[in-house]
$ cat model_15.pdb   # PDB, C-alpha atoms
ATOM      1  CA  MET A1181       0.000   0.000   0.000  1.00  0.00           C
ATOM      2  CA  LYS A1182       1.255   3.482  -0.786  1.00  0.00           C
ATOM      3  CA  ALA A1183       1.397   6.023   2.014  1.00  0.00           C
ATOM      4  CA  VAL A1184       2.709   9.512   2.560  1.00  0.00           C
ATOM      5  CA  VAL A1185       5.511   9.372   5.119  1.00  0.00           C
ATOM      6  CA  PHE A1186       7.657  11.933   6.892  1.00  0.00           C
ATOM      7  CA  ALA A1187      11.066  10.916   5.674  1.00  0.00           C
ATOM      8  CA  GLY A1188      13.229  13.263   7.679  1.00  0.00           C
ATOM      9  CA  THR A1189      13.331  16.700   9.102  1.00  0.00           C
ATOM     10  CA  ARG A1190      12.527  18.347   5.778  1.00  0.00           C
ATOM     11  CA  SER A1191      11.325  15.569   3.528  1.00  0.00           C
ATOM     12  CA  VAL A1192       7.963  14.064   2.611  1.00  0.00           C
ATOM     13  CA  GLU A1193       7.733  10.995   0.388  1.00  0.00           C
ATOM     14  CA  VAL A1194       5.209   8.584  -1.046  1.00  0.00           C
ATOM     15  CA  ARG A1195       6.397   5.078  -0.198  1.00  0.00           C
ATOM     16  CA  GLU A1196       5.175   1.535  -0.361  1.00  0.00           C
ATOM     17  CA  VAL A1197       4.569   0.432   3.209  1.00  0.00           C
ATOM     18  CA  PRO A1198       3.377  -2.887   4.639  1.00  0.00           C
ATOM     19  CA  ASP A1199      -0.388  -2.966   5.007  1.00  0.00           C
ATOM     20  CA  ALA A1200       0.080  -3.789   8.667  1.00  0.00           C
ATOM     21  CA  VAL A1201       1.603  -0.378   9.261  1.00  0.00           C
ATOM     22  CA  LEU A1202      -1.650   1.314   8.296  1.00  0.00           C
ATOM     23  CA  GLU A1203      -4.047  -1.327   9.568  1.00  0.00           C
ATOM     24  CA  ASP A1204      -2.681  -1.434  13.098  1.00  0.00           C
ATOM     25  CA  PRO A1205      -3.442   1.968  14.597  1.00  0.00           C
ATOM     26  CA  PRO A1206      -2.095   2.795  18.026  1.00  0.00           C
ATOM     27  CA  THR A1207      -4.229   1.673  20.926  1.00  0.00           C
ATOM     28  CA  SER A1208      -3.565   4.867  22.778  1.00  0.00           C
ATOM     29  CA  CYS A1209      -2.596   8.387  21.846  1.00  0.00           C
ATOM     30  CA  SER A1210      -1.163  11.339  23.633  1.00  0.00           C
ATOM     31  CA  GLY A1211      -3.861  13.756  22.585  1.00  0.00           C
TER      32      GLY A1211
ATOM     33  CA  MET B1464     -16.657  36.544   8.582  1.00  0.00           C
ATOM     34  CA  ALA B1465     -13.761  34.753   6.957  1.00  0.00           C
ATOM     35  CA  SER B1466     -14.069  31.065   6.257  1.00  0.00           C
ATOM     36  CA  ARG B1467     -12.385  28.998   8.925  1.00  0.00           C
ATOM     37  CA  ILE B1468     -10.715  25.626   9.019  1.00  0.00           C
ATOM     38  CA  TRP B1469      -9.196  23.863  11.969  1.00  0.00           C
ATOM     39  CA  LEU B1470      -7.584  20.461  11.934  1.00  0.00           C
ATOM     40  CA  THR B1471      -7.448  18.395  15.077  1.00  0.00           C
ATOM     41  CA  CYS B1472      -3.962  17.151  15.697  1.00  0.00           C
ATOM     42  CA  SER B1473      -2.053  15.404  18.448  1.00  0.00           C
ATOM     43  CA  GLY B1474       0.908  15.948  20.673  1.00  0.00           C
ATOM     44  CA  SER B1475       2.397  13.031  18.755  1.00  0.00           C
ATOM     45  CA  ALA B1476       3.017  15.454  15.910  1.00  0.00           C
ATOM     46  CA  VAL B1477       5.090  17.678  18.149  1.00  0.00           C
ATOM     47  CA  ILE B1478       7.146  15.194  20.068  1.00  0.00           C
ATOM     48  CA  GLY B1479       7.010  12.228  17.686  1.00  0.00           C
ATOM     49  CA  ASN B1480       5.864   9.567  20.114  1.00  0.00           C
ATOM     50  CA  GLY B1481       3.324   6.871  19.328  1.00  0.00           C
ATOM     51  CA  SER B1482       3.530   4.747  16.232  1.00  0.00           C
ATOM     52  CA  GLN B1483       5.368   6.360  13.374  1.00  0.00           C
ATOM     53  CA  ALA B1484       2.366   6.205  11.035  1.00  0.00           C
ATOM     54  CA  TYR B1485       0.137   7.882  13.626  1.00  0.00           C
ATOM     55  CA  ALA B1486       2.696  10.569  14.435  1.00  0.00           C
ATOM     56  CA  ASP B1487       3.253  11.214  10.719  1.00  0.00           C
ATOM     57  CA  SER B1488      -0.470  11.546  10.083  1.00  0.00           C
ATOM     58  CA  LYS B1489      -0.866  14.069  12.875  1.00  0.00           C
ATOM     59  CA  LEU B1490       2.152  16.059  11.790  1.00  0.00           C
ATOM     60  CA  PHE B1491       0.636  16.178   8.318  1.00  0.00           C
ATOM     61  CA  ASP B1492      -2.581  17.603   9.795  1.00  0.00           C
ATOM     62  CA  VAL B1493      -0.514  20.551  10.982  1.00  0.00           C
ATOM     63  CA  VAL B1494       1.428  20.810   7.737  1.00  0.00           C
ATOM     64  CA  LEU B1495      -1.842  20.834   5.763  1.00  0.00           C
ATOM     65  CA  ALA B1496      -3.415  23.469   8.013  1.00  0.00           C
ATOM     66  CA  PHE B1497      -0.376  25.678   7.610  1.00  0.00           C
ATOM     67  CA  ALA B1498      -0.242  25.083   3.839  1.00  0.00           C
ATOM     68  CA  VAL B1499      -3.860  26.195   3.529  1.00  0.00           C
ATOM     69  CA  ALA B1500      -3.070  29.251   5.648  1.00  0.00           C
ATOM     70  CA  ARG B1501      -0.264  30.129   3.251  1.00  0.00           C
ATOM     71  CA  LEU B1502      -2.098  29.395   0.001  1.00  0.00           C
ATOM     72  CA  TRP B1503      -5.597  30.599   0.912  1.00  0.00           C
ATOM     73  CA  PRO B1504      -5.168  34.006   2.564  1.00  0.00           C
ATOM     74  CA  GLY B1505      -8.922  34.563   2.871  1.00  0.00           C
ATOM     75  CA  VAL B1506      -9.336  31.491   5.074  1.00  0.00           C
ATOM     76  CA  LEU B1507      -8.347  31.195   8.713  1.00  0.00           C
ATOM     77  CA  SER B1508      -6.643  27.806   8.900  1.00  0.00           C
ATOM     78  CA  ASN B1509      -5.185  26.507  12.138  1.00  0.00           C
ATOM     79  CA  ALA B1510      -4.360  23.265  13.909  1.00  0.00           C
ATOM     80  CA  LEU B1511      -4.814  22.194  17.484  1.00  0.00           C
ATOM     81  CA  GLU B1512      -4.399  19.319  19.861  1.00  0.00           C
ATOM     82  CA  PRO B1513      -7.342  18.508  22.152  1.00  0.00           C
ATOM     83  CA  GLY B1514      -5.190  16.970  24.847  1.00  0.00           C
ATOM     84  CA  TRP B1515      -4.732  13.364  25.895  1.00  0.00           C
ATOM     85  CA  VAL B1516      -8.249  12.688  27.119  1.00  0.00           C
ATOM     86  CA  PRO B1517      -9.978   9.508  28.294  1.00  0.00           C
ATOM     87  CA  THR B1518     -11.683   8.461  25.096  1.00  0.00           C
ATOM     88  CA  ARG B1519     -11.756   4.822  24.018  1.00  0.00           C
ATOM     89  CA  MET B1520      -8.500   5.489  22.168  1.00  0.00           C
ATOM     90  CA  GLY B1521      -6.987   7.695  24.842  1.00  0.00           C
ATOM     91  CA  GLY B1522      -7.629   5.109  27.533  1.00  0.00           C
ATOM     92  CA  PRO B1523      -9.073   5.522  31.047  1.00  0.00           C
ATOM     93  CA  GLY B1524      -5.778   6.795  32.451  1.00  0.00           C
ATOM     94  CA  ALA B1525      -5.479   9.746  30.081  1.00  0.00           C
ATOM     95  CA  PRO B1526      -4.573  12.738  32.219  1.00  0.00           C
ATOM     96  CA  ASP B1527      -6.173  15.639  30.378  1.00  0.00           C
ATOM     97  CA  ASP B1528      -9.576  17.226  30.940  1.00  0.00           C
ATOM     98  CA  MET B1529     -12.296  15.878  28.625  1.00  0.00           C
ATOM     99  CA  SER B1530     -14.401  19.016  29.122  1.00  0.00           C
ATOM    100  CA  GLN B1531     -11.586  21.106  27.638  1.00  0.00           C
ATOM    101  CA  ALA B1532     -11.020  18.858  24.619  1.00  0.00           C
ATOM    102  CA  PRO B1533     -13.609  20.472  22.278  1.00  0.00           C
ATOM    103  CA  VAL B1534     -13.316  24.041  23.522  1.00  0.00           C
ATOM    104  CA  THR B1535     -10.525  25.187  21.217  1.00  0.00           C
ATOM    105  CA  GLN B1536     -12.282  23.833  18.125  1.00  0.00           C
ATOM    106  CA  VAL B1537     -15.437  25.831  18.894  1.00  0.00           C
ATOM    107  CA  TRP B1538     -13.418  28.901  19.819  1.00  0.00           C
ATOM    108  CA  LEU B1539     -11.514  28.821  16.543  1.00  0.00           C
ATOM    109  CA  ALA B1540     -14.712  28.202  14.583  1.00  0.00           C
ATOM    110  CA  VAL B1541     -16.905  31.016  15.889  1.00  0.00           C
ATOM    111  CA  SER B1542     -15.127  33.366  18.287  1.00  0.00           C
ATOM    112  CA  ASN B1543     -14.336  36.952  17.364  1.00  0.00           C
ATOM    113  CA  ASP B1544     -11.587  37.017  19.965  1.00  0.00           C
ATOM    114  CA  PRO B1545      -8.531  38.473  18.185  1.00  0.00           C
ATOM    115  CA  ALA B1546      -6.539  35.522  19.494  1.00  0.00           C
ATOM    116  CA  ALA B1547      -8.874  33.167  17.607  1.00  0.00           C
ATOM    117  CA  THR B1548      -9.068  35.086  14.327  1.00  0.00           C
ATOM    118  CA  VAL B1549      -5.550  34.205  13.269  1.00  0.00           C
ATOM    119  CA  THR B1550      -4.204  31.796  10.702  1.00  0.00           C
ATOM    120  CA  GLY B1551      -1.326  29.370  10.475  1.00  0.00           C
ATOM    121  CA  ARG B1552      -1.141  28.745  14.213  1.00  0.00           C
ATOM    122  CA  TYR B1553      -1.101  25.709  16.471  1.00  0.00           C
ATOM    123  CA  PHE B1554      -3.096  25.637  19.710  1.00  0.00           C
ATOM    124  CA  TYR B1555      -3.535  23.637  22.874  1.00  0.00           C
ATOM    125  CA  HIS B1556      -6.400  24.687  25.134  1.00  0.00           C
ATOM    126  CA  GLN B1557      -6.730  28.061  23.368  1.00  0.00           C
ATOM    127  CA  ARG B1558      -3.074  28.911  23.780  1.00  0.00           C
ATOM    128  CA  PRO B1559      -0.402  28.879  21.070  1.00  0.00           C
ATOM    129  CA  ARG B1560       1.989  25.963  21.358  1.00  0.00           C
ATOM    130  CA  PRO B1561       5.316  25.371  19.607  1.00  0.00           C
ATOM    131  CA  VAL B1562       5.093  22.931  16.747  1.00  0.00           C
ATOM    132  CA  HIS B1563       7.489  20.731  14.840  1.00  0.00           C
ATOM    133  CA  PRO B1564       9.644  23.012  12.637  1.00  0.00           C
ATOM    134  CA  ALA B1565       8.738  21.026   9.514  1.00  0.00           C
ATOM    135  CA  ALA B1566       5.170  22.299   9.738  1.00  0.00           C
ATOM    136  CA  THR B1567       6.213  25.860   8.998  1.00  0.00           C
ATOM    137  CA  SER B1568       8.428  24.901   6.076  1.00  0.00           C
ATOM    138  CA  ALA B1569       6.931  25.902   2.723  1.00  0.00           C
ATOM    139  CA  SER B1570       9.042  23.181   1.135  1.00  0.00           C
ATOM    140  CA  VAL B1571       7.580  20.490   3.383  1.00  0.00           C
ATOM    141  CA  GLN B1572       4.070  21.866   2.807  1.00  0.00           C
ATOM    142  CA  ASP B1573       4.556  21.728  -0.955  1.00  0.00           C
ATOM    143  CA  GLN B1574       5.966  18.203  -0.733  1.00  0.00           C
ATOM    144  CA  LEU B1575       2.910  17.049   1.229  1.00  0.00           C
ATOM    145  CA  LEU B1576       0.506  18.661  -1.236  1.00  0.00           C
ATOM    146  CA  ALA B1577       2.387  17.065  -4.136  1.00  0.00           C
ATOM    147  CA  ALA B1578       2.277  13.654  -2.451  1.00  0.00           C
ATOM    148  CA  CYS B1579      -1.455  13.998  -1.778  1.00  0.00           C
ATOM    149  CA  ALA B1580      -2.035  15.082  -5.387  1.00  0.00           C
ATOM    150  CA  GLU B1581      -0.062  12.074  -6.586  1.00  0.00           C
ATOM    151  CA  LEU B1582      -2.189   9.698  -4.528  1.00  0.00           C
ATOM    152  CA  THR B1583      -5.593  11.314  -5.010  1.00  0.00           C
ATOM    153  CA  GLY B1584      -5.470  13.351  -8.209  1.00  0.00           C
ATOM    154  CA  VAL B1585      -6.673  16.369  -6.206  1.00  0.00           C
ATOM    155  CA  GLN B1586      -4.480  19.420  -6.350  1.00  0.00           C
ATOM    156  CA  LEU B1587      -4.715  22.285  -3.879  1.00  0.00           C
ATOM    157  CA  THR B1588      -3.627  25.504  -5.477  1.00  0.00           C
ATOM    158  CA  SER B1589      -3.052  29.043  -4.345  1.00  0.00           C
ATOM    159  CA  ILE B1590      -6.038  31.371  -4.490  1.00  0.00           C
ATOM    160  CA  GLY B1591      -6.916  34.944  -3.801  1.00  0.00           C
ATOM    161  CA  PRO B1592      -8.806  36.053  -0.719  1.00  0.00           C
ATOM    162  CA  THR B1593     -12.288  35.498  -2.158  1.00  0.00           C
ATOM    163  CA  GLY B1594     -12.570  31.921  -3.267  1.00  0.00           C
ATOM    164  CA  VAL B1595     -11.474  28.330  -3.030  1.00  0.00           C
ATOM    165  CA  GLN B1596      -9.973  26.421  -5.913  1.00  0.00           C
ATOM    166  CA  LEU B1597      -9.314  22.735  -6.117  1.00  0.00           C
ATOM    167  CA  THR B1598      -8.443  21.059  -9.373  1.00  0.00           C
ATOM    168  CA  GLY B1599      -9.157  17.454 -10.206  1.00  0.00           C
ATOM    169  CA  VAL B1600     -12.262  17.276  -8.051  1.00  0.00           C
ATOM    170  CA  GLU B1601     -15.841  18.461  -8.246  1.00  0.00           C
ATOM    171  CA  LEU B1602     -17.206  20.187  -5.160  1.00  0.00           C
ATOM    172  CA  THR B1603     -19.989  17.598  -5.045  1.00  0.00           C
ATOM    173  CA  ASP B1604     -17.286  15.003  -4.439  1.00  0.00           C
ATOM    174  CA  LEU B1605     -16.476  16.799  -1.189  1.00  0.00           C
ATOM    175  CA  GLU B1606     -19.979  16.562   0.263  1.00  0.00           C
ATOM    176  CA  VAL B1607     -20.273  14.448   3.353  1.00  0.00           C
ATOM    177  CA  PRO B1608     -22.295  11.281   2.640  1.00  0.00           C
ATOM    178  CA  LYS B1609     -25.711  11.419   4.295  1.00  0.00           C
ATOM    179  CA  GLU B1610     -25.072   8.304   6.337  1.00  0.00           C
ATOM    180  CA  THR B1611     -22.122   9.953   8.083  1.00  0.00           C
ATOM    181  CA  ARG B1612     -23.909  13.189   8.953  1.00  0.00           C
ATOM    182  CA  SER B1613     -24.880  13.640  12.551  1.00  0.00           C
TER     183      SER B1613
END

$ encode --input "model_15.pdb" --output "structure tokens"
Amino acid sequence: MKAVVFAGTRSVEVREVPDAVLEDPPTSCSG
Amino acid sequence: MASRIWLTCSGSAVIGNGSQAYADSKLFDVVLAFAVARLWPGVLSNALEPGWVPTRMGGPGAPDDMSQAPVTQVWLAVSNDPAATVTGRYFYHQRPRPVHPAATSASVQDQLLAACAELTGVQLTSIGPTGVQLTGVELTDLEVPKETRS
């Protein structure tokens, strides 16, 4: 699956990422 | 009154904790809000974090005040307070908060818009103070489906 990722302090990229990365949201967040 | 946009973000965007995908998505909320502020000068576009509150996702031990979580959104949407009628800012409980330096970078903003255009075919372009212009999409495509309206 393609996703937009933050690739560094000044870089944004479209990358292929494993589906699990996007299908496994965090179970908690810090607001 | 100027049109207003606010995007709900997360402290994960500022300090980079949580899963990388989640933190990236929240950082991009801020980047998008700031890009709109830059490209659409007639629109007040800001980002905020509601705090770590005890929602199902936040968990029962979340330390922040649930009653405060929606206040900044409403304030930014309708208040005439000079502090609320700004653009390109990041808030936490109605107060400005420092944000990741990438969010204020025009280069990063343009990279995000280009990546979104690549994935969706929708391009956000600069406009004057009186209107909104998107290319590659009909405004009817942006309507919220009836089944999701509350």

$ closest_residue --input "model_15.pdb" --among "B:Leu1587, B:Trp1469, B:Ala1525, B:Trp1538" --to "Leu1575 (chain B)" --atoms "only C-alpha atoms"
B:Leu1587

$ resolve_selection --input "model_15.pdb" --expression "the PyMOL selection byres ((chain B and resi 1530) around 12)" --output "CSV table (one decimal) with C-alpha atoms, in the frame of the given file"
chain,number,residue,atom,x,y,z
B,1513,PRO,CA,-7.3,18.5,22.2
B,1514,GLY,CA,-5.2,17.0,24.8
B,1515,TRP,CA,-4.7,13.4,25.9
B,1516,VAL,CA,-8.2,12.7,27.1
B,1517,PRO,CA,-10.0,9.5,28.3
B,1518,THR,CA,-11.7,8.5,25.1
B,1527,ASP,CA,-6.2,15.6,30.4
B,1528,ASP,CA,-9.6,17.2,30.9
B,1529,MET,CA,-12.3,15.9,28.6
B,1531,GLN,CA,-11.6,21.1,27.6
B,1532,ALA,CA,-11.0,18.9,24.6
B,1533,PRO,CA,-13.6,20.5,22.3
B,1534,VAL,CA,-13.3,24.0,23.5
B,1535,THR,CA,-10.5,25.2,21.2
B,1556,HIS,CA,-6.4,24.7,25.1

$ atom_distance --input "model_15.pdb" --atom1 "CA of Ile1590 (chain B)" --atom2 "CA of Pro1559 (chain B)"
26.3 Å

$ resolve_selection --input "model_15.pdb" --expression "the ChimeraX specification (/A :<6) & /B" --output "PDB file with C-alpha atoms, in the frame of the given file"
ATOM      1  CA  SER B1473      -2.053  15.404  18.448  1.00  0.00           C
ATOM      2  CA  GLY B1474       0.908  15.948  20.673  1.00  0.00           C
ATOM      3  CA  ASP B1487       3.253  11.214  10.719  1.00  0.00           C
ATOM      4  CA  PRO B1513      -7.342  18.508  22.152  1.00  0.00           C
ATOM      5  CA  GLY B1514      -5.190  16.970  24.847  1.00  0.00           C
ATOM      6  CA  TRP B1515      -4.732  13.364  25.895  1.00  0.00           C
ATOM      7  CA  MET B1520      -8.500   5.489  22.168  1.00  0.00           C
ATOM      8  CA  GLY B1521      -6.987   7.695  24.842  1.00  0.00           C
ATOM      9  CA  ALA B1565       8.738  21.026   9.514  1.00  0.00           C
ATOM     10  CA  VAL B1571       7.580  20.490   3.383  1.00  0.00           C
ATOM     11  CA  GLN B1574       5.966  18.203  -0.733  1.00  0.00           C
TER      12      GLN B1574
END

$ residues_around --input "model_15.pdb" --residues "region 1539-1541 of chain B" --least-positions-apart "2" --cutoff "9 Å" --atoms "all atoms listed in the file" --output "number ranges by chain"
B: 1466-1469, 1507, 1509, 1534-1537, 1543-1544, 1546-1549, 1557

$ atom_distance --input "model_15.pdb" --atom1 "CA of Ser1589 (chain B)" --atom2 "CA of Thr1471 (chain B)"
22.6 Å

$ residues_around --input "model_15.pdb" --residues "Pro1561 (chain B)" --least-positions-apart "4" --cutoff "10 Å" --atoms "only C-alpha atoms" --output "list in words"
Val1477, Arg1552, Tyr1553, Phe1554 and Tyr1555 of chain B

$ atom_distance --input "model_15.pdb" --atom1 "CA of Pro1564 (chain B)" --atom2 "CA of Asp1199 (chain A)"
28.9 Å

$ resolve_selection --input "model_15.pdb" --expression "the PyMOL selection byres ((chain B and resi 1488-1500) around 6)" --output "compact mmCIF listing (two decimals) with C-alpha atoms, keeping the file's coordinate frame"
# COMPACT_ATOMS: atom_id res chain seq x y z
CA CYS B 1472 -3.96 17.15 15.70
CA SER B 1473 -2.05 15.40 18.45
CA ALA B 1476 3.02 15.45 15.91
CA TYR B 1485 0.14 7.88 13.63
CA ALA B 1486 2.70 10.57 14.44
CA ASP B 1487 3.25 11.21 10.72
CA ARG B 1501 -0.26 30.13 3.25
CA LEU B 1502 -2.10 29.40 0.00
CA TRP B 1503 -5.60 30.60 0.91
CA SER B 1508 -6.64 27.81 8.90
CA ASN B 1509 -5.18 26.51 12.14
CA ALA B 1510 -4.36 23.26 13.91
CA THR B 1550 -4.20 31.80 10.70
CA GLY B 1551 -1.33 29.37 10.48
CA ALA B 1566 5.17 22.30 9.74
CA GLN B 1572 4.07 21.87 2.81

$ closest_residue --input "model_15.pdb" --among "B:Ala1577, B:Ala1484, B:Ala1569, B:Val1506" --to "Pro1198 (chain A)" --atoms "all atoms listed in the file"
B:Ala1484
